[in-house]
Each structure stands twice: as structure tokens, then as C-alpha cells.
file model17.tsv (TSV, C-alpha atoms)
chain	number	residue	atom	x	y	z
A	287	MET	CA	15.66	8.53	-15.65
A	288	LEU	CA	15.77	11.89	-13.85
A	289	ARG	CA	13.77	13.46	-16.63
A	290	GLY	CA	11.15	10.77	-16.14
A	291	PHE	CA	11.20	11.43	-12.41
A	292	LEU	CA	10.57	15.10	-13.11
A	293	VAL	CA	7.48	14.18	-15.16
A	294	LEU	CA	6.18	12.03	-12.27
A	295	VAL	CA	6.72	14.82	-9.76
A	296	LEU	CA	5.00	17.34	-12.05
A	297	PHE	CA	1.95	15.10	-12.44
A	298	PHE	CA	1.87	14.58	-8.68
A	299	LEU	CA	1.98	18.34	-8.10
A	300	LEU	CA	-0.74	18.84	-10.69
A	301	GLY	CA	-2.88	16.25	-8.88
A	302	GLU	CA	-2.21	17.92	-5.52
A	303	ALA	CA	-3.09	21.32	-6.97
A	304	LEU	CA	-6.38	20.04	-8.37
A	305	GLN	CA	-7.16	18.34	-5.06
A	306	LYS	CA	-6.48	21.50	-3.05
A	307	VAL	CA	-8.34	23.85	-5.39
A	308	PHE	CA	-11.46	21.76	-5.98
A	309	LEU	CA	-11.40	20.00	-2.57
A	310	ILE	CA	-11.58	16.57	-4.21
A	311	PRO	CA	-11.66	13.83	-1.51
A	312	VAL	CA	-9.05	11.78	-3.39
A	313	SER	CA	-5.30	12.10	-2.82
A	314	GLY	CA	-3.14	14.06	-5.25
A	315	GLY	CA	-1.14	10.95	-6.08
A	316	VAL	CA	-4.21	9.09	-7.34
A	317	LEU	CA	-5.41	12.10	-9.34
A	318	GLY	CA	-1.91	12.36	-10.82
A	319	MET	CA	-1.99	8.65	-11.67
A	320	MET	CA	-5.31	9.03	-13.48
A	321	LEU	CA	-4.05	12.12	-15.35
A	322	MET	CA	-0.88	10.24	-16.28
A	323	THR	CA	-2.81	7.32	-17.76
A	324	LEU	CA	-5.14	9.64	-19.69
A	325	THR	CA	-2.22	11.69	-21.04
A	326	LEU	CA	-0.40	8.57	-22.22
A	327	MET	CA	-3.57	7.33	-23.93
A	328	PHE	CA	-3.80	10.63	-25.78
A	329	LYS	CA	-0.12	10.66	-26.70
A	330	GLY	CA	-0.18	6.98	-27.60
A	331	GLY	CA	3.37	6.29	-26.44
A	332	ILE	CA	5.80	6.42	-23.56
A	333	SER	CA	9.42	7.61	-23.36
A	334	ASP	CA	12.19	5.31	-22.09
A	335	ASP	CA	13.00	7.91	-19.43
A	336	LEU	CA	9.51	7.77	-17.97
A	337	ALA	CA	9.33	3.98	-18.19
A	338	SER	CA	12.60	3.51	-16.29
A	339	ALA	CA	11.76	6.14	-13.66
A	340	SER	CA	8.38	4.55	-12.97
A	341	GLN	CA	9.85	1.04	-12.83
A	342	GLY	CA	12.48	2.26	-10.37
A	343	LEU	CA	9.92	3.84	-8.07
A	344	ILE	CA	7.47	0.94	-8.23
A	345	SER	CA	10.21	-1.52	-7.28
A	346	VAL	CA	10.88	0.39	-4.03
A	347	LEU	CA	7.24	1.00	-3.13
A	348	VAL	CA	7.70	-1.16	-0.02
A	349	LEU	CA	10.64	1.00	1.11
A	350	LEU	CA	8.45	4.07	0.92
A	351	ILE	CA	5.68	2.70	3.16
A	352	MET	CA	8.05	1.29	5.78
A	353	PRO	CA	8.36	4.44	7.93
A	354	GLY	CA	4.58	4.39	8.43
A	355	VAL	CA	4.44	0.65	9.05
A	356	VAL	CA	7.05	0.77	11.82
A	357	GLY	CA	4.82	3.13	13.80
A	358	VAL	CA	2.53	0.28	14.84
A	359	PHE	CA	5.27	-1.19	17.07
A	360	PHE	CA	5.55	2.09	18.95
A	361	THR	CA	1.86	2.79	19.53
A	362	ALA	CA	0.86	-0.77	20.38
A	363	ASP	CA	-0.06	-0.20	24.05
A	364	GLN	CA	-2.53	2.51	23.11
A	365	PHE	CA	-4.93	-0.17	21.88
A	366	ALA	CA	-4.60	-2.78	24.61
A	367	GLY	CA	-7.79	-4.85	24.87
A	368	GLN	CA	-8.73	-4.22	21.25
A	369	TRP	CA	-6.35	-6.70	19.69
A	370	LEU	CA	-8.80	-9.56	19.35
A	371	ALA	CA	-11.27	-7.35	17.48
A	372	VAL	CA	-8.51	-5.95	15.29
A	373	ALA	CA	-6.99	-9.34	14.47
A	374	ALA	CA	-10.37	-10.97	13.77
A	375	ALA	CA	-11.44	-8.07	11.57
A	376	LEU	CA	-8.22	-8.08	9.58
A	377	LEU	CA	-7.94	-11.84	9.11
A	378	GLY	CA	-11.62	-12.76	8.82
A	379	GLY	CA	-12.58	-9.65	6.91
A	380	THR	CA	-9.78	-10.01	4.40
A	381	PHE	CA	-10.45	-13.71	3.93
A	382	LEU	CA	-14.12	-13.07	3.17
A	383	SER	CA	-13.45	-10.14	0.88
A	384	VAL	CA	-10.79	-12.01	-1.12
A	385	LEU	CA	-13.22	-14.89	-1.64
A	386	SER	CA	-16.01	-12.48	-2.63
A	387	THR	CA	-13.83	-10.62	-5.12
A	388	LEU	CA	-12.50	-13.74	-6.83
A	389	TRP	CA	-15.87	-15.44	-6.95
A	390	LEU	CA	-17.74	-12.37	-8.16
A	391	MET	CA	-15.25	-11.37	-10.83
A	392	SER	CA	-14.80	-14.87	-12.26
A	393	ARG	CA	-18.59	-15.20	-12.33
A	394	VAL	CA	-19.04	-11.94	-14.25
A	395	VAL	CA	-16.19	-12.74	-16.65
A	396	ARG	CA	-17.71	-16.14	-17.40
A	397	LEU	CA	-21.15	-14.62	-17.96
A	398	GLY	CA	-19.78	-13.06	-21.12
A	399	GLY	CA	-18.29	-9.75	-20.06
A	400	GLY	CA	-14.78	-10.85	-20.95
A	401	LYS	CA	-14.09	-11.03	-24.64
A	402	GLY	CA	-10.36	-10.80	-23.98
A	403	GLU	CA	-9.48	-14.43	-24.54
B	271	MET	CA	40.84	8.94	31.50
B	272	ALA	CA	38.41	11.83	31.69
B	273	ARG	CA	38.71	12.27	27.94
B	274	VAL	CA	37.84	8.61	27.29
B	275	ASN	CA	34.75	9.11	29.43
B	276	ASP	CA	33.82	12.15	27.33
B	277	TRP	CA	34.19	10.15	24.13
B	278	TYR	CA	32.07	7.42	25.58
B	279	SER	CA	29.26	9.69	26.68
B	280	ARG	CA	29.26	11.44	23.30
B	281	LEU	CA	29.22	8.06	21.59
B	282	LEU	CA	26.16	7.08	23.62
B	283	SER	CA	24.31	10.24	22.66
B	284	LEU	CA	25.14	9.82	18.97
B	285	PRO	CA	21.71	8.47	17.93
B	286	GLU	CA	20.16	11.58	19.40
B	287	THR	CA	22.73	13.96	17.87
B	288	LEU	CA	22.55	12.35	14.44
B	289	SER	CA	18.78	12.23	14.25
B	290	ALA	CA	18.83	16.02	13.89
B	291	SER	CA	19.43	15.29	10.19
B	292	PRO	CA	17.19	12.95	8.16
B	293	ALA	CA	20.25	10.99	6.96
B	294	LEU	CA	20.17	8.56	9.91
B	295	ALA	CA	16.49	7.70	9.56
B	296	ILE	CA	16.83	7.30	5.78
B	297	GLY	CA	19.98	5.20	6.14
B	298	LEU	CA	18.31	2.93	8.70
B	299	THR	CA	15.24	2.50	6.50
B	300	PHE	CA	17.33	1.63	3.43
B	301	GLY	CA	19.49	-0.73	5.48
B	302	ALA	CA	16.46	-2.52	6.92
B	303	PHE	CA	14.89	-2.72	3.46
B	304	PHE	CA	17.92	-4.47	1.93
B	305	ALA	CA	18.54	-6.63	5.00
B	306	GLY	CA	14.89	-7.70	5.02
B	307	ASN	CA	15.13	-8.66	1.36
B	308	ALA	CA	18.36	-10.58	1.96
B	309	VAL	CA	16.87	-12.54	4.88
B	310	PHE	CA	13.80	-13.23	2.75
B	311	ARG	CA	15.93	-14.82	0.01
B	312	ARG	CA	18.04	-16.71	2.55
B	313	ILE	CA	15.02	-18.40	4.18
B	314	GLY	CA	13.63	-19.50	0.81
B	315	ARG	CA	11.06	-16.77	-0.03
B	316	PRO	CA	8.16	-17.91	2.20
B	317	LEU	CA	4.85	-16.49	1.00
B	318	TRP	CA	3.56	-15.94	4.53
B	319	LEU	CA	6.52	-13.78	5.58
B	320	PRO	CA	7.09	-11.15	2.89
B	321	PRO	CA	10.17	-8.90	2.93
B	322	VAL	CA	8.15	-5.89	4.08
B	323	VAL	CA	7.34	-7.57	7.41
B	324	LEU	CA	10.93	-8.70	7.93
B	325	SER	CA	12.21	-5.21	7.12
B	326	ALA	CA	9.69	-3.49	9.37
B	327	VAL	CA	10.49	-5.74	12.36
B	328	LEU	CA	14.22	-5.24	11.82
B	329	LEU	CA	13.79	-1.49	11.54
B	330	ALA	CA	11.64	-1.26	14.68
B	331	ALA	CA	14.19	-3.34	16.60
B	332	VAL	CA	17.12	-1.16	15.52
B	333	VAL	CA	15.28	2.09	16.25
B	334	ALA	CA	14.36	0.77	19.72
B	335	LEU	CA	17.90	-0.52	20.42
B	336	LEU	CA	19.45	2.82	19.49
B	337	GLY	CA	17.10	4.45	21.97
B	338	MET	CA	15.92	6.69	19.17
B	339	ASP	CA	12.71	8.59	19.68
B	340	TYR	CA	10.09	7.28	17.25
B	341	LYS	CA	8.95	10.84	16.50
B	342	ALA	CA	12.52	11.79	15.56
B	343	TYR	CA	12.77	8.77	13.29
B	344	GLN	CA	9.45	9.59	11.67
B	345	GLN	CA	10.51	13.17	11.00
B	346	GLY	CA	13.68	12.06	9.23
B	347	ALA	CA	11.98	9.29	7.29
B	348	HIS	CA	9.36	11.77	6.12
B	349	TRP	CA	11.72	12.47	3.24
B	350	LEU	CA	11.05	8.97	1.95
B	351	THR	CA	7.31	9.22	2.49
B	352	VAL	CA	7.26	12.28	0.22
B	353	LEU	CA	8.24	9.99	-2.67
B	354	LEU	CA	5.05	8.00	-2.17
B	355	GLY	CA	3.16	10.62	-4.22
B	356	PRO	CA	5.29	10.36	-7.38
B	357	ALA	CA	5.38	6.57	-6.87
B	358	THR	CA	1.58	6.50	-6.93
B	359	VAL	CA	1.67	8.52	-10.16
B	360	ALA	CA	4.16	5.99	-11.56
B	361	LEU	CA	1.48	3.27	-11.24
B	362	GLY	CA	-0.32	5.01	-14.10
B	363	ILE	CA	2.35	3.74	-16.51
B	364	PRO	CA	1.78	-0.04	-16.21
B	365	LEU	CA	-1.90	0.85	-16.27
B	366	TYR	CA	-1.45	2.48	-19.66
B	367	GLN	CA	0.77	-0.30	-20.97
B	368	GLN	CA	-1.92	-2.90	-20.19
B	369	MET	CA	-4.81	-0.80	-21.40
B	370	HIS	CA	-5.79	-3.31	-24.11
B	371	HIS	CA	-6.40	-5.99	-21.45
B	372	ILE	CA	-8.39	-3.58	-19.35
B	373	ARG	CA	-10.54	-2.47	-22.30
B	374	ALA	CA	-11.42	-6.11	-22.97
B	375	LEU	CA	-12.58	-6.58	-19.37
B	376	TRP	CA	-14.10	-3.21	-18.54
B	377	ARG	CA	-17.56	-4.59	-17.87
B	378	PRO	CA	-16.62	-7.18	-15.20
B	379	ILE	CA	-14.34	-4.58	-13.63
B	380	LEU	CA	-17.14	-2.06	-13.43
B	381	VAL	CA	-19.51	-4.60	-11.85
B	382	THR	CA	-17.00	-6.10	-9.40
B	383	LEU	CA	-15.30	-2.97	-8.16
B	384	PRO	CA	-18.07	-1.18	-6.22
B	385	ILE	CA	-19.34	-4.38	-4.60
B	386	ALA	CA	-15.95	-5.86	-3.74
B	387	ALA	CA	-14.42	-2.58	-2.51
B	388	THR	CA	-17.43	-1.94	-0.25
B	389	LEU	CA	-17.33	-5.49	1.10
B	390	ALA	CA	-13.59	-5.19	1.82
B	391	ALA	CA	-14.38	-2.43	4.33
B	392	VAL	CA	-17.77	-3.68	5.56
B	393	TYR	CA	-16.72	-7.25	6.52
B	394	ALA	CA	-13.91	-5.88	8.71
B	395	LEU	CA	-16.09	-3.17	10.25
B	396	VAL	CA	-18.88	-5.59	11.13
B	397	ILE	CA	-16.49	-8.13	12.69
B	398	ALA	CA	-14.61	-5.48	14.70
B	399	TRP	CA	-17.81	-3.75	15.79
B	400	SER	CA	-19.41	-7.01	16.96
B	401	LEU	CA	-16.30	-7.71	19.06
B	402	GLY	CA	-16.62	-4.33	20.73
B	403	ALA	CA	-14.01	-2.19	18.97
B	404	THR	CA	-14.01	1.53	19.79
B	405	PRO	CA	-14.96	4.08	17.11
B	406	GLU	CA	-11.30	5.13	16.84
B	407	VAL	CA	-10.27	1.54	16.08
B	408	LEU	CA	-13.11	1.17	13.57
B	409	ALA	CA	-11.99	4.35	11.79
B	410	SER	CA	-8.45	2.95	11.65
B	411	LEU	CA	-9.61	-0.38	10.20
B	412	ALA	CA	-12.04	0.93	7.60
B	413	PRO	CA	-9.50	1.80	4.87
B	414	LYS	CA	-7.55	-1.44	5.40
B	415	SER	CA	-7.57	-2.39	1.70
B	416	VAL	CA	-6.69	1.09	0.45
B	417	THR	CA	-3.22	2.08	-0.70
B	418	ALA	CA	-1.25	3.94	2.00
B	419	PRO	CA	-1.24	7.55	0.66
B	420	ILE	CA	-5.04	7.52	0.23
B	421	ALA	CA	-5.70	5.54	3.40
B	422	ILE	CA	-3.85	8.11	5.51
B	423	GLY	CA	-6.24	10.79	4.26
B	424	ILE	CA	-9.31	8.62	4.90
B	425	THR	CA	-8.28	7.66	8.44
B	426	GLN	CA	-7.58	11.25	9.39
B	427	GLN	CA	-10.95	12.30	7.99
B	428	LEU	CA	-12.73	9.56	9.99
B	429	GLY	CA	-10.78	10.25	13.20
B	430	GLY	CA	-8.71	7.08	13.40
B	431	SER	CA	-5.11	6.37	14.40
B	432	VAL	CA	-2.65	6.48	11.49
B	433	PRO	CA	-0.06	4.06	12.99
B	434	LEU	CA	-2.77	1.48	13.79
B	435	MET	CA	-4.18	1.91	10.28
B	436	MET	CA	-0.72	1.39	8.76
B	437	GLY	CA	-0.23	-1.80	10.77
B	438	GLY	CA	-3.66	-3.04	9.72
B	439	LEU	CA	-2.86	-2.13	6.13
B	440	LEU	CA	0.32	-4.17	6.22
B	441	ILE	CA	-1.32	-7.24	7.76
B	442	THR	CA	-4.19	-6.95	5.28
B	443	GLY	CA	-1.74	-6.78	2.39
B	444	VAL	CA	0.12	-9.85	3.58
B	445	VAL	CA	-2.91	-12.03	4.35
B	446	ALA	CA	-4.71	-10.89	1.19
B	447	THR	CA	-1.71	-12.13	-0.81
B	448	LEU	CA	-1.84	-15.48	0.98
B	449	PHE	CA	-5.62	-15.83	0.70
B	450	VAL	CA	-5.63	-14.99	-3.01
B	451	ASP	CA	-3.11	-17.77	-3.63
B	452	LEU	CA	-5.17	-20.21	-1.54
B	453	ALA	CA	-8.57	-19.24	-2.89
B	454	ALA	CA	-7.33	-19.30	-6.50
B	455	ARG	CA	-6.54	-22.97	-5.99
B	456	TRP	CA	-9.92	-23.74	-4.37
B	457	LEU	CA	-11.95	-21.90	-6.95
B	458	ALA	CA	-9.67	-23.11	-9.78
B	459	ILE	CA	-9.01	-19.61	-11.08
B	460	SER	CA	-5.87	-19.20	-13.17
B	461	ASP	CA	-6.74	-16.01	-15.07
B	462	ASP	CA	-3.92	-13.56	-14.30
B	463	ARG	CA	-6.28	-10.67	-14.85
B	464	ILE	CA	-8.71	-11.80	-12.13
B	465	LEU	CA	-5.94	-12.74	-9.70
B	466	GLY	CA	-4.19	-9.41	-10.26
B	467	PHE	CA	-7.38	-7.44	-9.77
B	468	ALA	CA	-8.20	-9.28	-6.53
B	469	LEU	CA	-4.64	-8.75	-5.26
B	470	GLY	CA	-4.71	-5.01	-5.91
B	471	LEU	CA	-8.27	-4.52	-4.67
B	472	ASN	CA	-7.77	-6.35	-1.36
B	473	GLY	CA	-4.03	-6.15	-0.81
B	474	HIS	CA	-3.12	-2.66	-2.16
B	475	ALA	CA	0.66	-2.13	-2.67
B	476	VAL	CA	1.70	-5.42	-1.02
B	477	GLY	CA	-0.71	-7.36	-3.23
B	478	THR	CA	0.38	-5.35	-6.27
B	479	ALA	CA	4.03	-6.16	-5.63
B	480	ARG	CA	3.06	-9.86	-5.50
B	481	ALA	CA	1.01	-9.52	-8.71
B	482	PHE	CA	4.03	-8.13	-10.59
B	483	GLU	CA	5.82	-11.35	-9.58
B	484	ILE	CA	3.08	-13.40	-11.25
B	485	SER	CA	3.10	-11.51	-14.57
B	486	PRO	CA	3.02	-7.95	-16.00
B	487	THR	CA	-0.66	-8.46	-16.82
B	488	ALA	CA	-1.49	-9.42	-13.23
B	489	GLY	CA	0.55	-6.41	-12.11
B	490	ALA	CA	-1.37	-4.02	-14.33
B	491	PHE	CA	-4.71	-5.37	-13.12
B	492	ALA	CA	-3.49	-5.08	-9.54
B	493	SER	CA	-2.48	-1.44	-10.14
B	494	LEU	CA	-5.93	-0.87	-11.60
B	495	GLY	CA	-7.69	-2.62	-8.71
B	496	MET	CA	-5.62	-0.71	-6.17
B	497	GLY	CA	-6.18	2.66	-7.88
B	498	LEU	CA	-9.91	2.19	-8.36
B	499	THR	CA	-10.42	0.85	-4.81
B	500	GLY	CA	-8.56	3.86	-3.46
B	501	VAL	CA	-10.65	6.34	-5.40
B	502	PHE	CA	-13.93	4.55	-4.74
B	503	THR	CA	-13.29	4.04	-1.01
B	504	ALA	CA	-12.14	7.63	-0.53
B	505	LEU	CA	-15.43	8.82	-2.03
B	506	ILE	CA	-17.79	6.33	-0.35
B	507	LEU	CA	-16.36	5.55	3.08
B	508	PRO	CA	-16.86	8.98	4.67
B	509	LEU	CA	-20.53	8.73	3.67
B	510	VAL	CA	-21.06	5.13	4.82
B	511	PHE	CA	-19.09	5.47	8.03
B	512	HIS	CA	-21.37	8.05	9.56
B	513	LEU	CA	-24.48	5.89	9.16
call {"tool": "encode", "arguments": {"input": "model17.tsv", "output": "C-alpha cells"}}
result
Amino acid sequence: MLRGFLVLVLFFLLGEALQKVFLIPVSGGVLGMMLMTLTLMFKGGISDDLASASQGLISVLVLLIMPGVVGVFFTADQFAGQWLAVAAALLGGTFLSVLSTLWLMSRVVRLGGGKGE
Amino acid sequence: MARVNDWYSRLLSLPETLSASPALAIGLTFGAFFAGNAVFRRIGRPLWLPPVVLSAVLLAAVVALLGMDYKAYQQGAHWLTVLLGPATVALGIPLYQQMHHIRALWRPILVTLPIAATLAAVYALVIAWSLGATPEVLASLAPKSVTAPIAIGITQQLGGSVPLMMGGLLITGVVATLFVDLAARWLAISDDRILGFALGLNGHAVGTARAFEISPTAGAFASLGMGLTGVFTALILPLVFHL
């Protein structure tokens, strides 16, 4: 498990290093994730250590974003008068974009792109 | 008597004294996380009130009750936020494990992603702008469907407020999860791959967590949708936003 965690941290650092050196506008975590997937595809297998470390971290993803989420309760008054716009944008915008995604993707899959099933 | 008063005053200043070390902030966050999950199970797992909201409200209430400075809390909890990087890397593993599904669907994914990821930002921007939102608010709303570690970078680049963005991110994740469930019923879609992709694309980590509850396949497609949306939005949004 710890060994797997070490691998994750190394890939993250590698991603961060690439991001800093080549000024890529994508976060180090995402670069690391892409590198991780590519490496596994090359290797063609995954160790138990890595599998359990990644499962452990993914299951507490919510815990990791909580410190940032809580901030909204403490900066609320800074945006007085904007709440209607914010709420409408979040609710309406998300509703429309969920519908668009589902409709578009099921359309494209049906048109013959998906040979999976 | 004087000594009891001393104890009492030192007791009252404990939150301040203890927040010099990150242990208090981390302990509170863990506690709220587990308590939120427990309450969630107790009230019958309602879809509209996911554990992350319960935990966040609990945590905010406790931090406020202790009279803790939010900045101090944030500094301590930073230790947890650091783990977000390796956790993002960890998403590459389900991605690899489901690669055969993704290969079979690469064409629809390639067509849907740029359109849907752009729309996810544009709908919200247009609605907020037409209701008179300030540029700072717009910059905070733009990455609302992007996973937190990437969204923080985007918001800072655009000049938005990170706490507002995080709140918007959370609400987006929750309502996207609800709307996907609703819309799947309307449109009669039961393909786990499509549902997962829509959850990850619109609802980032919250949607992805929900997708893993549906099935490992949905989870993998959600990880993919979340990852690709993050990359795509990080590249495109700074260009679009300045138009």
C-alpha cells in the first residue's frame, strides 16, 4: 500500500516537474494521471500495491476537497447581490449541459461509433 | 479560585493555541467527513443531499463555533489538500483497467468531449452574465465542471475567487448527479458508459464518486470524462474567456 502510494507521489511530482519546466497550462496531477495510464498500458499490468493505494485515495477524494469547499461559508458576504446570478448559472447551466451531454453522446453512440456492445 | 479562572481562560483560548499545529484542522476535517457519512446513512442516503454537503456544513459550523479563524483552519488543512495531487494521479488506474471499454467508444468520446465541455462552461457564463454578474464572479463560475485541483489553477489564471469557485464546484457536482439520474430516465438511457461519462464531465469528483456507486465501468468513464474535461477546459477557457 505504501509502496503504491510512493508510485503515485512520484508520478505526481513528475507531472508537476513537466508542468513547471514546459509551462503546460494543465495541473501536475492531471499530467501525472495521463502518464500513469500510458505507463500501465505499456507495462500491461498493475501491482496489488498500486491498486490498493489508488483505491484508498479515490475513496477519500471527498475528504480531500472539503477544506476548499468550507471556504464558501466564510466568504459569502463578499458576493452579496450576486447570488441570484450564481444560483441560476449553476442550476440552469448544469441542467442544460447534462442534457446536452447525454443527448449528444447517446446520439453519436447510436450512429455507429460504439461497437462495444 | 484564581487558578480555576486561569484554567478557564486557557481552555477558552485552546482552539487558537491548538491551531498552531495542523493536527486540529485535520482532525476536524476527518471527524466531519465520518460524521457526514454517518448522518447520510442514518437519513436513508438521499440523492439530493450527498455526504460531502453534510460534512462541509458540519465542518463549517464546528469551525465557526470554536471561534477558529478560517485562515488558520485552511493552513492546517492544507496538509490534506496536498494529497489531492496523488489522488488525481490515482484516477489513472481505473482508467487503465477500463481501457477496453474506452477503446470501443473512442469515437463518440472524441466527438462529445469538446462540445459538451465547452457547453458546460458557456451555459453558466451566459446565464450569469445576462443576470449581471461581475467579471470576478464569472471567472469563478467558468471552471464549475472541472475537477478541483485543475479548477483552482484556472480560476486563479482568470482572476476569480477560489472559495466561490469551490462552492460553485460543489453545487455543480451535486446537481449534476441529480440531473443525470433524472435525465437518464427521461431520455431512456441505461448505458453505464454514457451515464458515467456525463457524470464525470459535468459533475467532476462528486459525479465520479456517484458513478463508482453505479458500476466500475461507469466509474472509469466518469474518471475519463473528468480528466479529459479538466485538460480540455484548462487549455480552452483562458482563450475563450478573454473574448
call {"tool": "interface_residues", "arguments": {"input": "model17.tsv", "of": "chain A", "to": "chain B", "cutoff": "7 Å", "atoms": "all atoms listed in the file", "output": "ChimeraX atom specification"}}
result
/A:294-295,297-298,311-313,315-316,318-320,322-323,326-327,340,343-344,347-359,361,368,371-372,374-377,379-381,383-388,390-392,394-395,399-402
call {"tool": "atom_distance", "arguments": {"input": "model17.tsv", "atom1": "atom CA of A:Arg393", "atom2": "atom CA of B:His474"}}
result
22.4 Å
call {"tool": "closest_residue", "arguments": {"input": "model17.tsv", "among": "A:Leu321, A:Ala339, A:Ser333, A:Phe328", "to": "A:Leu304", "atoms": "all atoms listed in the file"}}
result
A:Leu321
call {"tool": "atom_distance", "arguments": {"input": "model17.tsv", "atom1": "atom CA of B:Ser289", "atom2": "atom CA of B:Ala342"}}
result
6.4 Å
call {"tool": "atom_distance", "arguments": {"input": "model17.tsv", "atom1": "atom CA of B:Leu507", "atom2": "atom CA of B:Pro405"}}
result
14.2 Å
